[in-house]
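Notes follow the structure.
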Amino acid sequence: MGISVFVIDAERTFADALSARLEAEEDLDIVMSLHPKAPAPSLILGRHADVVLLDADLPDSAAMGLCEELSARPEAPRVVMMSSGSPAERIADAVRAGAVGWVRKDESLDHLLGVVRGVMAGETWLPRAEMGAVLRLLLEEREQRRESDRLLAALTPREREILACLADGAGRHDVAERLHLSANTVRTHLQNLMAKLGVHSTLEAVALTRALLSVSSAGKGSC
């Protein structure tokens, strides 16, 4: 059985021409060729493909959203992004969304075929010139997440609750009322958590908390 492929690209001419060239390969089967401006997951509902060649240049981050949806499926296809360029930041975003490959549209057909067959063999394909920058971005993000987790883990559950309230816009007196605490108790908790976070004011603590929670799923409180 051949490798089943979806081609999703906003340019009809490109999508149709690429599908025709891929279909000529004995080991490839084109399941669908789509060229909507912003494809919805419902367009490929109930369809399965081994590899999805997805236009990374779709407007409004549609490609990243679709990539995340496809990658979360029980039998997830290998998603390869196609683009007219290869900026490291966007490639890193694609990897975070679940893509296993990135190919420039001006690459040769032989290169694309190698990518399609490579990802089916479990490989990840990134542009060689940008690979170092992409890996640095991903590693920096991982280190930021570890630091966020470390700082948040140092806080007690009550301290996290107080910070969550403050980050949500509540003042100290509002926090005391919501959590049924005295103002002095809230003040003590704030002094302790500011010392742990290495900040000198409530404003700094709130700003840091919002930054931490933007890169970490740990330690989220509710108010």
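Labels for the structure tokens follow display order: chains A, B, ..., residues from 1 in each chain, ligands from 1.
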
Identify, with DSSP run on backbone atoms, the residues in region 23-214 of chain A assigned to alpha helix (DSSP H), and express the list as a CSV table (one decimal) with C-alpha atoms, in the first residue's frame.
chain,number,residue,atom,x,y,z
A,23,GLU,CA,0.3,11.1,-7.9
A,62,ALA,CA,-4.9,28.9,10.2
A,63,ALA,CA,-2.1,26.5,9.3
A,64,MET,CA,-0.7,26.3,12.9
A,65,GLY,CA,-4.2,25.7,14.3
A,66,LEU,CA,-5.0,22.9,11.8
A,67,CYS,CA,-1.6,21.4,12.4
A,68,GLU,CA,-2.3,21.2,16.2
A,69,GLU,CA,-5.7,19.7,15.5
A,70,LEU,CA,-4.3,17.0,13.1
A,71,SER,CA,-1.4,16.2,15.5
A,88,ALA,CA,13.4,30.1,12.3
A,89,GLU,CA,10.7,31.5,14.6
A,90,ARG,CA,7.9,30.2,12.4
A,91,ILE,CA,9.6,26.8,12.0
A,92,ALA,CA,9.8,26.6,15.8
A,93,ASP,CA,6.1,27.4,16.0
A,94,ALA,CA,5.3,24.7,13.6
A,95,VAL,CA,7.4,22.1,15.5
A,96,ARG,CA,5.5,23.2,18.7
A,97,ALA,CA,2.2,22.6,16.8
A,109,LEU,CA,10.4,17.8,-6.3
A,110,ASP,CA,13.1,15.2,-5.4
A,111,HIS,CA,13.7,17.0,-2.1
A,112,LEU,CA,10.0,17.0,-1.3
A,113,LEU,CA,9.7,13.4,-2.1
A,114,GLY,CA,12.7,12.7,0.2
A,115,VAL,CA,10.9,14.6,3.0
A,116,VAL,CA,7.6,12.7,2.5
A,117,ARG,CA,9.3,9.3,2.5
A,118,GLY,CA,11.6,10.4,5.3
A,119,VAL,CA,8.9,11.5,7.7
A,120,MET,CA,7.1,8.2,7.0
A,128,ARG,CA,19.6,22.8,7.3
A,129,ALA,CA,20.5,26.5,7.2
A,130,GLU,CA,17.9,27.3,9.9
A,131,MET,CA,18.2,24.1,12.0
A,132,GLY,CA,20.7,25.6,14.6
A,133,ALA,CA,18.5,28.7,15.2
A,134,VAL,CA,15.3,26.6,15.5
A,135,LEU,CA,17.0,24.2,18.0
A,136,ARG,CA,18.2,27.2,20.0
A,137,LEU,CA,14.7,28.6,20.2
A,138,LEU,CA,13.2,25.3,21.3
A,139,LEU,CA,15.9,24.8,23.9
A,140,GLU,CA,15.5,28.3,25.3
A,141,GLU,CA,11.8,27.7,25.6
A,142,ARG,CA,12.4,24.5,27.5
A,143,GLU,CA,14.8,26.2,29.9
A,144,GLN,CA,12.3,29.0,30.4
A,145,ARG,CA,9.6,26.4,31.2
A,146,ARG,CA,11.9,24.6,33.7
A,147,GLU,CA,12.7,27.9,35.4
A,148,SER,CA,9.0,28.8,35.5
A,149,ASP,CA,8.1,25.4,37.0
A,150,ARG,CA,10.9,25.8,39.6
A,151,LEU,CA,9.8,29.2,40.8
A,152,LEU,CA,6.1,28.3,40.9
A,153,ALA,CA,6.9,25.0,42.7
A,157,PRO,CA,-0.9,26.6,47.4
A,158,ARG,CA,-2.1,29.7,49.3
A,159,GLU,CA,0.6,31.9,47.8
A,160,ARG,CA,-0.4,30.7,44.3
A,161,GLU,CA,-4.0,31.5,45.0
A,162,ILE,CA,-3.1,35.0,46.2
A,163,LEU,CA,-0.9,35.6,43.1
A,164,ALA,CA,-3.7,34.3,40.8
A,165,CYS,CA,-6.1,36.8,42.3
A,166,LEU,CA,-3.7,39.7,41.9
A,167,ALA,CA,-2.9,38.6,38.4
A,172,ARG,CA,-5.1,43.3,48.3
A,173,HIS,CA,-8.4,44.0,50.1
A,174,ASP,CA,-10.3,42.1,47.4
A,175,VAL,CA,-8.0,39.2,47.8
A,176,ALA,CA,-8.5,39.1,51.5
A,177,GLU,CA,-12.3,39.1,51.1
A,178,ARG,CA,-12.3,36.5,48.3
A,183,ALA,CA,-5.3,41.9,55.5
A,184,ASN,CA,-2.3,41.1,57.7
A,185,THR,CA,-2.3,37.4,56.5
A,186,VAL,CA,-2.4,38.5,52.9
A,187,ARG,CA,0.4,40.9,53.6
A,188,THR,CA,2.5,38.2,55.2
A,189,HIS,CA,1.9,35.8,52.3
A,190,LEU,CA,2.9,38.6,49.8
A,191,GLN,CA,6.1,39.3,51.6
A,192,ASN,CA,7.0,35.6,51.6
A,193,LEU,CA,6.2,35.0,47.9
A,194,MET,CA,8.0,38.2,46.8
A,195,ALA,CA,11.1,36.9,48.6
A,196,LYS,CA,10.8,33.5,46.9
A,197,LEU,CA,10.3,35.1,43.5
A,202,THR,CA,3.4,43.4,44.3
A,203,LEU,CA,3.5,44.9,40.8
A,204,GLU,CA,6.7,43.1,40.0
A,205,ALA,CA,5.2,39.8,41.4
A,206,VAL,CA,2.1,40.1,39.3
A,207,ALA,CA,4.1,40.9,36.1
A,208,LEU,CA,6.4,38.0,36.8
A,209,THR,CA,3.5,35.6,37.5
A,210,ARG,CA,1.8,36.5,34.2
A,211,ALA,CA,5.1,35.8,32.4
A,212,LEU,CA,5.6,32.5,34.2
A,213,LEU,CA,2.1,31.3,33.5
A,214,SER,CA,2.5,32.1,29.9

request  = Could you tell me, as a VMD selection string, which residues of region 55-169 of chain A DSSP assigns to strand (DSSP E) when given the backbone?
outcome  = chain A and resid 55 78 to 83 101 to 104

Next, write the just-selected residues to a file, as a compact mmCIF listing (two decimals), in the first residue's frame, keeping N, CA and C atoms as the atom set.
# COMPACT_ATOMS: atom_id res chain seq x y z
N ASP A 55 0.10 24.17 3.66
CA ASP A 55 0.58 25.52 3.36
C ASP A 55 0.74 26.30 4.67
N ARG A 78 1.60 12.63 9.64
CA ARG A 78 2.82 13.42 9.71
C ARG A 78 2.56 14.72 8.95
N VAL A 79 2.66 15.84 9.63
CA VAL A 79 2.38 17.13 8.99
C VAL A 79 3.69 17.76 8.55
N VAL A 80 3.77 18.08 7.28
CA VAL A 80 4.92 18.79 6.71
C VAL A 80 4.45 20.15 6.23
N MET A 81 5.03 21.20 6.78
CA MET A 81 4.67 22.56 6.39
C MET A 81 5.41 22.96 5.11
N MET A 82 4.71 23.64 4.22
CA MET A 82 5.32 24.18 3.00
C MET A 82 5.18 25.69 3.04
N SER A 83 6.25 26.39 2.69
CA SER A 83 6.22 27.85 2.76
C SER A 83 7.14 28.46 1.71
N GLY A 101 8.08 18.38 9.67
CA GLY A 101 8.90 18.79 8.54
C GLY A 101 8.54 20.18 8.06
N TRP A 102 9.49 20.84 7.42
CA TRP A 102 9.30 22.17 6.84
C TRP A 102 10.04 22.20 5.51
N VAL A 103 9.33 22.55 4.45
CA VAL A 103 9.93 22.55 3.11
C VAL A 103 9.60 23.87 2.43
N ARG A 104 10.60 24.47 1.84
CA ARG A 104 10.36 25.67 1.02
C ARG A 104 9.70 25.25 -0.30

message = I'd like to know which of A:Asp50, A:Leu155, A:Pro74, A:Ser33 is closest to Ala121 (chain A), using only C-alpha atoms.
response = A:Asp50

request  = Find the residues near Ala10 (chain A): any atom within 12 Å, counting only C-alpha atoms, skip ones fewer than 2 places away on the same chain, and give them as a PyMOL selection string.
outcome  = chain A and resi 7-8+12-16+33-39+53-59+62-63+82-83

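With only C-alpha atoms as the basis for measurement, A:Ser108 is the residue among A:Ser108, A:Gly85, A:Gly2, A:Ala76 that approaches Leu18 (chain A) most closely.
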